[in-house]
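Asker: My file is entry_3.txt. It has compact mmCIF, C-alpha atoms and all ligand atoms:
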```txt
# COMPACT_ATOMS: atom_id res chain seq x y z
CA PHE A 392 0.00 0.00 0.00
CA ASP A 393 1.16 3.54 -0.64
CA ARG A 394 -1.33 5.01 1.85
CA ARG A 395 -2.94 4.19 5.20
CA ILE A 396 -5.57 1.49 5.01
CA PHE A 397 -8.76 0.90 6.94
CA ASN A 398 -7.55 -1.71 9.40
CA PHE A 399 -10.26 -3.89 10.98
CA ALA A 400 -7.83 -5.98 13.05
CA ALA A 401 -9.03 -7.18 16.45
CA GLY A 402 -5.94 -6.10 18.35
CA PRO A 403 -3.32 -4.83 18.02
CA ALA A 404 -5.63 -2.53 16.13
CA THR A 405 -5.81 0.72 14.24
CA LEU A 406 -4.66 3.86 16.06
CA PRO A 407 -5.62 7.49 15.40
CA GLU A 408 -3.36 9.04 12.79
CA GLU A 409 -2.89 12.10 15.02
CA VAL A 410 -1.50 9.91 17.79
CA LEU A 411 0.97 8.22 15.46
CA LYS A 412 2.05 11.55 14.03
CA GLN A 413 2.69 13.03 17.45
CA ALA A 414 4.70 9.99 18.51
CA ALA A 415 6.72 10.27 15.30
CA ALA A 416 7.34 13.98 15.83
CA GLU A 417 8.60 13.37 19.37
CA MET A 418 10.50 10.20 18.58
CA LEU A 419 14.02 11.60 18.47
CA ASN A 420 13.69 14.27 21.12
CA TRP A 421 11.03 14.01 23.81
CA GLN A 422 10.51 17.09 26.02
CA GLY A 423 13.88 18.52 25.02
CA LEU A 424 15.73 15.63 26.63
CA GLY A 425 17.57 14.82 23.41
CA ALA A 426 16.27 11.25 23.65
CA SER A 427 13.01 9.44 23.00
CA VAL A 428 10.60 8.65 25.83
CA MET A 429 11.60 5.00 25.61
CA GLU A 430 15.23 5.81 26.32
CA VAL A 431 14.85 7.66 29.62
CA SER A 432 14.45 6.41 33.18
CA HIS A 433 10.96 5.54 34.39
CA ARG A 434 11.97 7.14 37.69
CA GLY A 435 13.08 10.42 36.15
CA LYS A 436 10.91 13.46 36.87
CA GLU A 437 9.77 13.79 33.23
CA PHE A 438 8.46 10.24 33.02
CA MET A 439 6.94 10.35 36.51
CA ALA A 440 5.09 13.54 35.57
CA LEU A 441 3.86 11.93 32.38
CA TYR A 442 2.72 8.87 34.32
CA GLU A 443 0.70 10.97 36.78
CA GLU A 444 -0.98 12.74 33.89
CA VAL A 445 -1.79 9.46 32.14
CA LEU A 446 -3.50 8.16 35.28
CA GLN A 447 -5.36 11.43 35.80
CA ASP A 448 -6.62 11.47 32.21
CA LEU A 449 -7.91 7.91 32.53
CA ARG A 450 -9.55 8.82 35.84
CA THR A 451 -11.29 11.74 34.13
CA LEU A 452 -12.36 9.74 31.09
CA MET A 453 -13.81 6.82 33.05
CA GLU A 454 -14.92 8.88 36.07
CA ILE A 455 -12.94 6.62 38.38
CA PRO A 456 -13.50 7.55 42.04
CA ASP A 457 -10.62 7.83 44.54
CA SER A 458 -11.73 4.62 46.18
CA TYR A 459 -10.30 2.79 43.15
CA GLU A 460 -6.63 2.27 42.30
CA ILE A 461 -5.42 2.30 38.70
CA LEU A 462 -2.61 -0.15 37.98
CA MET A 463 -0.64 -0.25 34.74
CA LEU A 464 0.84 -3.72 34.50
CA GLN A 465 2.34 -6.21 32.05
CA GLY A 466 1.22 -9.72 31.18
CA GLY A 467 -2.00 -8.80 29.39
CA GLY A 468 -5.52 -9.92 30.09
CA LEU A 469 -4.24 -13.48 30.29
CA GLY A 470 -1.88 -12.50 33.08
CA GLN A 471 -4.82 -11.09 35.00
CA ASN A 472 -6.69 -14.36 34.49
CA ALA A 473 -4.16 -15.76 36.97
CA ALA A 474 -3.72 -12.61 39.05
CA ILE A 475 -7.42 -12.16 39.77
CA PRO A 476 -7.99 -15.52 41.47
CA MET A 477 -4.70 -15.19 43.35
CA ASN A 478 -5.66 -11.73 44.61
CA LEU A 479 -9.36 -12.28 45.24
CA MET A 480 -10.19 -15.94 45.83
CA PRO A 481 -8.96 -15.82 49.46
CA LEU A 482 -11.95 -13.54 50.17
CA ALA A 483 -14.29 -16.53 49.82
CA LYS A 484 -15.63 -17.80 53.13
CA ASN A 485 -15.22 -21.58 52.62
CA GLY A 486 -11.92 -21.76 50.75
CA PRO A 487 -10.85 -20.21 47.43
CA LYS A 488 -13.74 -20.06 44.99
CA ALA A 489 -15.19 -17.89 42.22
CA ASP A 490 -18.17 -17.94 39.82
CA PHE A 491 -17.86 -17.58 36.04
CA LEU A 492 -20.27 -16.44 33.36
CA VAL A 493 -18.91 -18.05 30.19
CA THR A 494 -20.12 -16.33 27.05
CA GLY A 495 -17.20 -16.95 24.70
CA VAL A 496 -13.59 -17.93 24.24
CA TRP A 497 -12.17 -15.27 26.56
CA SER A 498 -14.37 -15.89 29.58
CA GLU A 499 -13.82 -19.61 29.06
CA LYS A 500 -10.05 -19.04 29.25
CA SER A 501 -10.51 -17.04 32.46
CA TYR A 502 -12.59 -19.86 33.93
CA LYS A 503 -10.01 -22.53 33.01
CA GLU A 504 -7.08 -20.52 34.37
CA ALA A 505 -8.84 -19.90 37.68
CA GLU A 506 -9.22 -23.65 38.24
CA LYS A 507 -5.52 -23.74 39.10
CA TYR A 508 -6.07 -21.61 42.19
CA GLY A 509 -9.31 -22.81 43.67
CA VAL A 510 -12.84 -23.84 42.79
CA ALA A 511 -14.00 -22.25 39.56
CA HIS A 512 -17.76 -22.63 39.37
CA LEU A 513 -19.47 -22.41 35.99
CA ALA A 514 -22.50 -20.30 36.86
CA ALA A 515 -23.69 -19.93 33.27
CA SER A 516 -22.49 -20.87 29.79
CA SER A 517 -23.61 -20.26 26.22
CA ALA A 518 -21.21 -22.88 24.80
CA ALA A 519 -24.18 -24.99 23.64
CA GLU A 520 -25.42 -21.96 21.67
CA LYS A 521 -21.97 -21.64 20.03
CA PHE A 522 -21.36 -18.49 22.08
CA ASN A 523 -23.87 -16.53 20.03
CA THR A 524 -25.80 -15.25 23.02
CA ILE A 525 -25.81 -14.60 26.77
CA PRO A 526 -27.71 -17.14 28.89
CA ALA A 527 -30.96 -15.82 30.37
CA ARG A 528 -30.45 -14.30 33.81
CA SER A 529 -32.97 -16.72 35.35
CA THR A 530 -30.70 -19.68 34.48
CA TRP A 531 -27.54 -18.41 36.23
CA GLN A 532 -26.48 -20.50 39.19
CA LEU A 533 -24.53 -18.16 41.41
CA SER A 534 -22.89 -19.67 44.51
CA ASP A 535 -23.33 -18.31 48.00
CA ASP A 536 -19.70 -18.82 48.93
CA ALA A 537 -17.82 -17.51 45.87
CA ALA A 538 -15.46 -14.58 46.36
CA TYR A 539 -16.58 -12.92 43.13
CA VAL A 540 -18.34 -13.35 39.79
CA HIS A 541 -16.22 -13.01 36.65
CA TYR A 542 -17.65 -11.95 33.28
CA CYS A 543 -16.33 -10.72 29.95
CA ALA A 544 -18.10 -7.50 29.01
CA ASN A 545 -17.29 -7.94 25.32
CA GLU A 546 -16.32 -11.24 23.74
CA THR A 547 -13.92 -10.19 21.01
CA ILE A 548 -14.13 -13.42 18.99
CA GLY A 549 -17.86 -14.10 18.99
CA GLY A 550 -18.87 -10.44 18.94
CA VAL A 551 -21.12 -10.73 22.02
CA GLU A 552 -21.41 -7.80 24.42
CA PHE A 553 -23.26 -7.33 27.69
CA PRO A 554 -25.59 -4.32 27.17
CA ASP A 555 -25.29 -3.49 30.90
CA VAL A 556 -23.29 -4.58 33.90
CA PRO A 557 -25.00 -7.86 34.89
CA ASP A 558 -27.16 -8.06 38.00
CA VAL A 559 -25.55 -10.56 40.39
CA ASN A 560 -27.53 -9.79 43.54
CA GLY A 561 -24.91 -7.43 44.90
CA LYS A 562 -22.05 -9.96 44.71
CA LEU A 563 -18.56 -8.74 43.91
CA LEU A 564 -18.10 -8.46 40.13
CA VAL A 565 -14.92 -8.64 38.04
CA ALA A 566 -15.15 -7.44 34.43
CA ASP A 567 -12.87 -8.20 31.50
CA ILE A 568 -13.10 -5.03 29.41
CA SER A 569 -10.13 -5.81 27.14
CA SER A 570 -12.10 -5.08 23.99
CA ASN A 571 -14.61 -2.42 25.01
CA ILE A 572 -12.74 -0.27 27.53
CA LEU A 573 -13.48 3.43 26.96
CA SER A 574 -16.01 2.65 24.21
CA ARG A 575 -19.13 3.31 26.29
CA GLU A 576 -20.10 4.90 29.57
CA ILE A 577 -19.88 2.66 32.62
CA ASP A 578 -20.49 3.11 36.30
CA ILE A 579 -17.16 2.11 37.84
CA THR A 580 -18.71 1.40 41.22
CA LYS A 581 -20.70 -1.54 39.80
CA CYS A 582 -17.60 -3.78 39.66
CA GLY A 583 -14.78 -4.36 42.13
CA VAL A 584 -12.24 -4.93 39.36
CA TRP A 585 -12.12 -3.88 35.69
CA PHE A 586 -9.23 -5.03 33.53
CA GLY A 587 -7.97 -5.11 29.96
CA GLY A 588 -5.02 -4.60 27.67
CA ALA A 589 -4.46 -1.34 25.80
CA GLN A 590 -4.06 -2.84 22.34
CA LYS A 591 -7.62 -2.46 21.09
CA ASN A 592 -9.15 0.82 22.18
CA ILE A 593 -6.19 2.74 23.54
CA GLY A 594 -2.72 2.23 22.09
CA PRO A 595 -0.17 -0.44 21.30
CA SER A 596 0.09 -3.70 23.26
CA GLY A 597 2.34 -3.94 26.30
CA VAL A 598 0.33 -2.35 29.07
CA THR A 599 -2.61 -3.85 30.97
CA ILE A 600 -4.95 -1.59 32.88
CA VAL A 601 -6.38 -2.91 36.15
CA ILE A 602 -8.86 -0.73 38.01
CA VAL A 603 -9.37 -2.18 41.44
CA ARG A 604 -11.36 -1.07 44.48
CA LYS A 605 -8.79 -0.32 47.16
CA ASP A 606 -10.32 -2.50 49.87
CA LEU A 607 -9.92 -5.54 47.58
CA MET A 608 -6.14 -5.32 47.71
CA GLY A 609 -4.00 -6.97 50.35
CA HIS A 610 -5.77 -10.35 50.51
CA SER A 611 -3.64 -12.25 48.00
CA MET A 612 -2.51 -15.86 48.23
CA LYS A 613 1.03 -16.37 49.49
CA ILE A 614 2.08 -17.83 46.14
CA THR A 615 1.13 -14.67 44.21
CA PRO A 616 4.08 -13.46 42.12
CA SER A 617 5.02 -10.00 43.40
CA ILE A 618 4.51 -8.37 40.01
CA TRP A 619 0.88 -9.54 40.02
CA ASP A 620 0.18 -8.73 43.63
CA TRP A 621 -2.04 -5.67 43.26
CA SER A 622 -1.20 -4.23 46.67
CA LYS A 623 2.54 -4.45 46.02
CA GLN A 624 2.13 -2.81 42.63
CA ALA A 625 -0.12 -0.11 44.08
CA ALA A 626 2.47 0.67 46.75
CA THR A 627 5.11 1.29 44.07
CA ASP A 628 3.07 3.20 41.45
CA SER A 629 2.99 0.01 39.33
CA MET A 630 6.77 0.23 39.13
CA LEU A 631 7.78 -2.81 41.13
CA ASN A 632 9.53 -3.83 37.95
CA THR A 633 10.43 -1.65 34.96
CA PRO A 634 7.12 -0.59 33.42
CA PRO A 635 6.43 -0.63 29.65
CA THR A 636 7.25 3.06 29.32
CA PHE A 637 6.62 3.45 25.61
CA SER A 638 3.25 1.67 25.81
CA ILE A 639 2.26 3.91 28.73
CA TYR A 640 3.32 7.02 26.80
CA MET A 641 1.30 5.87 23.77
CA ALA A 642 -1.72 5.08 25.96
CA GLY A 643 -1.40 8.63 27.30
CA LEU A 644 -1.54 10.03 23.76
CA GLY A 645 -4.61 7.85 23.19
CA PHE A 646 -6.30 9.32 26.28
CA LYS A 647 -5.54 12.89 25.13
CA TRP A 648 -7.00 12.06 21.73
CA LEU A 649 -10.16 10.68 23.30
CA LEU A 650 -10.52 13.74 25.54
CA LYS A 651 -10.29 15.90 22.42
CA GLN A 652 -13.04 13.83 20.77
CA GLY A 653 -15.33 14.80 23.64
CA GLY A 654 -14.64 11.85 25.93
CA VAL A 655 -16.44 8.55 26.38
CA LYS A 656 -19.97 9.90 26.00
CA ALA A 657 -19.16 11.40 22.61
CA ILE A 658 -17.25 8.36 21.33
CA GLU A 659 -20.06 6.05 22.48
CA LYS A 660 -22.47 7.93 20.22
CA ARG A 661 -20.14 7.50 17.27
CA ASN A 662 -19.52 3.85 18.10
CA LEU A 663 -23.27 3.23 18.10
CA GLU A 664 -23.62 4.96 14.76
CA LYS A 665 -20.84 2.82 13.25
CA ALA A 666 -22.23 -0.44 14.64
CA ASP A 667 -25.80 0.38 13.57
CA LEU A 668 -24.67 1.15 10.06
CA LEU A 669 -22.97 -2.22 9.74
CA TYR A 670 -25.64 -4.34 11.45
CA ASN A 671 -28.47 -2.67 9.53
CA PHE A 672 -26.67 -3.45 6.32
CA LEU A 673 -26.08 -7.09 7.35
CA ASP A 674 -29.73 -7.54 8.35
CA GLN A 675 -31.11 -6.52 4.94
CA SER A 676 -28.52 -8.47 2.97
CA SER A 677 -29.20 -11.81 1.31
CA LEU A 678 -25.49 -12.73 1.18
CA TYR A 679 -24.25 -11.86 4.69
CA GLU A 680 -25.57 -12.71 8.13
CA ASN A 681 -24.75 -11.97 11.75
CA ARG A 682 -25.69 -14.81 14.14
CA VAL A 683 -25.64 -13.07 17.51
CA THR A 684 -28.85 -12.43 19.50
CA LYS A 685 -29.74 -8.86 18.58
CA GLU A 686 -29.64 -7.32 22.05
CA TYR A 687 -26.17 -8.80 22.70
CA ARG A 688 -24.46 -7.75 19.49
CA SER A 689 -21.08 -6.19 20.08
CA ARG A 690 -20.51 -2.58 19.10
CA MET A 691 -16.79 -3.29 18.81
CA ASN A 692 -16.44 -6.61 16.99
CA VAL A 693 -19.01 -7.19 14.28
CA THR A 694 -18.95 -10.83 13.20
CA PHE A 695 -20.59 -12.00 10.00
CA PHE A 696 -20.74 -14.97 7.66
CA LEU A 697 -21.15 -15.25 3.93
CA LYS A 698 -24.07 -17.60 3.38
CA ASN A 699 -22.14 -18.96 0.43
CA GLU A 700 -18.88 -19.91 2.16
CA ASN A 701 -17.27 -20.65 -1.20
CA LEU A 702 -16.97 -16.90 -1.64
CA ASN A 703 -14.88 -16.41 1.53
CA ALA A 704 -11.48 -16.41 -0.16
CA GLN A 705 -12.64 -14.03 -2.87
CA PHE A 706 -14.20 -11.73 -0.30
CA LEU A 707 -10.99 -11.52 1.70
CA GLU A 708 -8.79 -11.07 -1.35
CA GLN A 709 -10.92 -8.30 -2.85
CA SER A 710 -11.55 -6.44 0.40
CA ASN A 711 -7.83 -6.48 1.10
CA ALA A 712 -7.06 -5.15 -2.37
CA ALA A 713 -9.54 -2.33 -1.68
CA GLY A 714 -7.60 -1.33 1.44
CA LEU A 715 -10.13 -2.88 3.85
CA VAL A 716 -7.83 -5.11 5.79
CA ALA A 717 -7.92 -7.91 8.41
CA LEU A 718 -11.55 -8.99 8.03
CA ARG A 719 -10.95 -12.72 8.51
CA GLY A 720 -12.76 -14.00 11.60
CA HIS A 721 -10.89 -15.69 14.43
CA LYS A 722 -10.26 -19.34 13.66
CA ALA A 723 -12.35 -20.38 16.67
CA ALA A 724 -15.42 -18.73 15.10
CA GLY A 725 -14.78 -18.81 11.35
CA GLY A 726 -16.42 -16.34 8.98
CA MET A 727 -15.55 -12.66 9.07
CA ARG A 728 -15.10 -10.01 11.72
CA ALA A 729 -14.82 -6.26 11.49
CA SER A 730 -13.36 -4.75 14.62
CA ILE A 731 -14.47 -1.15 14.80
CA TYR A 732 -12.88 0.26 17.93
CA ASN A 733 -12.79 3.93 18.94
CA ALA A 734 -10.08 4.81 16.43
CA MET A 735 -11.95 3.42 13.41
CA PRO A 736 -13.56 6.40 11.71
CA LEU A 737 -17.13 6.32 10.41
CA GLU A 738 -15.66 6.65 6.90
CA GLY A 739 -13.98 3.27 7.38
CA VAL A 740 -17.28 1.58 8.16
CA LYS A 741 -18.98 3.39 5.27
CA ALA A 742 -16.24 2.19 2.92
CA LEU A 743 -16.67 -1.37 4.20
CA VAL A 744 -20.44 -1.32 3.68
CA GLU A 745 -19.99 0.08 0.18
CA PHE A 746 -17.50 -2.65 -0.67
CA MET A 747 -19.76 -5.37 0.76
CA ARG A 748 -22.78 -4.05 -1.13
CA ASP A 749 -20.81 -4.04 -4.35
CA PHE A 750 -19.39 -7.53 -3.70
CA GLU A 751 -22.91 -8.83 -3.09
CA ARG A 752 -24.15 -7.29 -6.31
CA ARG A 753 -21.36 -9.02 -8.23
CA ALA A 754 -21.66 -12.37 -6.42
N1 LIG B 1 -9.92 -10.81 27.08
C1 LIG B 1 -10.42 -10.40 25.91
C2 LIG B 1 -11.88 -10.05 25.83
C3 LIG B 1 -9.61 -10.29 24.79
O1 LIG B 1 -10.10 -9.88 23.63
C4 LIG B 1 -8.23 -10.61 24.90
C5 LIG B 1 -7.27 -10.46 23.76
N2 LIG B 1 -7.77 -10.57 22.51
C6 LIG B 1 -7.76 -11.06 26.14
C7 LIG B 1 -8.63 -11.14 27.21
C8 LIG B 1 -6.34 -11.45 26.33
O2 LIG B 1 -5.59 -10.31 26.38
P1 LIG B 1 -4.00 -10.31 26.22
O3 LIG B 1 -3.71 -10.80 24.85
O4 LIG B 1 -3.68 -8.87 26.43
O5 LIG B 1 -3.46 -11.20 27.26
```
In structure tokens, what does this structure look like?
Ligand code: PMP
Answerer:
Amino acid sequence: FDRRIFNFAAGPATLPEEVLKQAAAEMLNWQGLGASVMEVSHRGKEFMALYEEVLQDLRTLMEIPDSYEILMLQGGGLGQNAAIPMNLMPLAKNGPKADFLVTGVWSEKSYKEAEKYGVAHLAASSAAEKFNTIPARSTWQLSDDAAYVHYCANETIGGVEFPDVPDVNGKLLVADISSNILSREIDITKCGVWFGGAQKNIGPSGVTIVIVRKDLMGHSMKITPSIWDWSKQAATDSMLNTPPTFSIYMAGLGFKWLLKQGGVKAIEKRNLEKADLLYNFLDQSSLYENRVTKEYRSRMNVTFFLKNENLNAQFLEQSNAAGLVALRGHKAAGGMRASIYNAMPLEGVKALVEFMRDFERRA
């Protein structure tokens, strides 16, 4: 390509051009230090000041109250799949235990990982429905003695999203927001822990954001690796080990960009517009279909299938040639997937719909 494409990758994903341009402009000489941000000490006053600002901007964007700590860690969402049970399961009254709502590949991974640390109870699962839906609330079997309930707010592979924070009778909730963080307004106080990597809606990979209610720290199992012990990380500004400084800097540029767009409320409106455009098109098409229960369709990851699967290769080849890239679905789901995170402009979705309409006409 001799130009920037519309990149529908699920993560790492497209970033705002402005953010990339600013990073490029500051690459050789950040803040007059004669070095890039990735070449200076994380303990220097310039980086520490940047770090404070990054946290403050996230606090503003997500309206995070002081009763919650923001940690910026490494190890990704998968790292937290181990860290969460190690930090929280000891809160259960009859031995380590947690409940899981399994609505796709990612919550299933969380559930399996937790089994290493205690009792992981499957409270609900849509596996039998091929992860195309969320089980009805009346069927959930929540335990009385679990330390917390884990759910994945947006299943990136299936394209299934909880429309609201689930009602779990006041039990402690943990939310995986890897693929919809900052895409819609949320009430932070509804969960004890929110976590996710930066590589979809924020910046490059390398930094994992964990927002944890302060009273939930300090109860970890003895075996917890220090770098994943939330209270130890909180006590050292998430700098128990060398933090991913460049990823944090880039996340900071992402937060500034989002603030300039009008914040989460404004981006949520645009995200809805983009998702509606695509789903409305899919629903009237005779070639494409989305298989997710309407009320649980993801605004971030729009999955679809060509009813004539023989056309898949052609579809991918031609869309790619048109500069509409990375539409192949995850191998666990098959079909196609358009990830349309915050940084995907409306024009990108319009271009995709135009291409798909034209492809259908020619098919
Ligand atoms: N949870 C969800 C919903 C995800 O989409 C992903 C990554 N695609 C993960 C967890 C795992 O995150 P990481 O790769 O940062 O470990």
Asker: Please find the residues contacting ligand LIG 1 (chain B) at a distance of at most 9 Å between atoms, with only C-alpha atoms and all ligand atoms counted, and report them as a PyMOL selection string.
Answerer: chain A and resi 401-403+465-472+495-498+500-501+543-548+567-571+586-591+596-599
Asker: Just give me the residues with any atom within 9 Å of (-24.2, -1.2, 17.5), file coordinates, counting only C-alpha atoms, written as an mmCIF file with C-alpha atoms, in the frame of the given file.
Answerer:
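This went into selection.cif:
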```cif
data_model
loop_
_atom_site.group_PDB
_atom_site.id
_atom_site.type_symbol
_atom_site.label_atom_id
_atom_site.label_comp_id
_atom_site.auth_asym_id
_atom_site.auth_seq_id
_atom_site.Cartn_x
_atom_site.Cartn_y
_atom_site.Cartn_z
ATOM 1 C CA ASN A 662 -19.520 3.850 18.100
ATOM 2 C CA LEU A 663 -23.270 3.230 18.100
ATOM 3 C CA GLU A 664 -23.620 4.960 14.760
ATOM 4 C CA LYS A 665 -20.840 2.820 13.250
ATOM 5 C CA ALA A 666 -22.230 -0.440 14.640
ATOM 6 C CA ASP A 667 -25.800 0.380 13.570
ATOM 7 C CA LEU A 668 -24.670 1.150 10.060
ATOM 8 C CA LEU A 669 -22.970 -2.220 9.740
ATOM 9 C CA TYR A 670 -25.640 -4.340 11.450
ATOM 10 C CA ARG A 688 -24.460 -7.750 19.490
ATOM 11 C CA SER A 689 -21.080 -6.190 20.080
ATOM 12 C CA ARG A 690 -20.510 -2.580 19.100
ATOM 13 C CA MET A 691 -16.790 -3.290 18.810
ATOM 14 C CA VAL A 693 -19.010 -7.190 14.280
#
```
Asker: Given only C-alpha atoms as the basis, pick out the residue of A:Pro554, A:Gly726, A:Gly609, A:Gly486 nearest to Ile577 of chain A.
Answerer: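 Of A:Pro554, A:Gly726, A:Gly609, A:Gly486, the one nearest Ile577 of chain A, counting only C-alpha atoms, is A:Pro554.
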Asker: Ranking A:Glu506, A:Glu520, A:Asp536, A:Glu751 by minimum distance to Gln675 of chain A and counting all atoms listed in the file, which one comes first?
Answerer: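 Counting all atoms listed in the file, the residue closest to Gln675 of chain A is A:Glu751.
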Asker: Pick out the residues sitting within 10 Å of Phe399 of chain A, and hand them over as an MDAnalysis selection string; count only C-alpha atoms, and ignore anything fewer than 2 positions along from it in its own chain.
Answerer: chainID A and resid 396:397 401:405 692:693 715:719 728:732 735 739:740 743
Asker: Dig up all the protein and nucleic acid residues within 12 Å of (-10.2, 7.3, 41.3) in the file frame, using only C-alpha atoms, and format them as a PyMOL selection string.
Answerer: chain A and resi 446-462+579-580+602-605
Asker: Work out how far apart atom CA of Ala489 of chain A and atom CA of Pro476 of chain A are and give it in Å to one decimal.
Answerer: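 According to the coordinates, atom CA of Ala489 of chain A and atom CA of Pro476 of chain A are separated by 7.6 Å.
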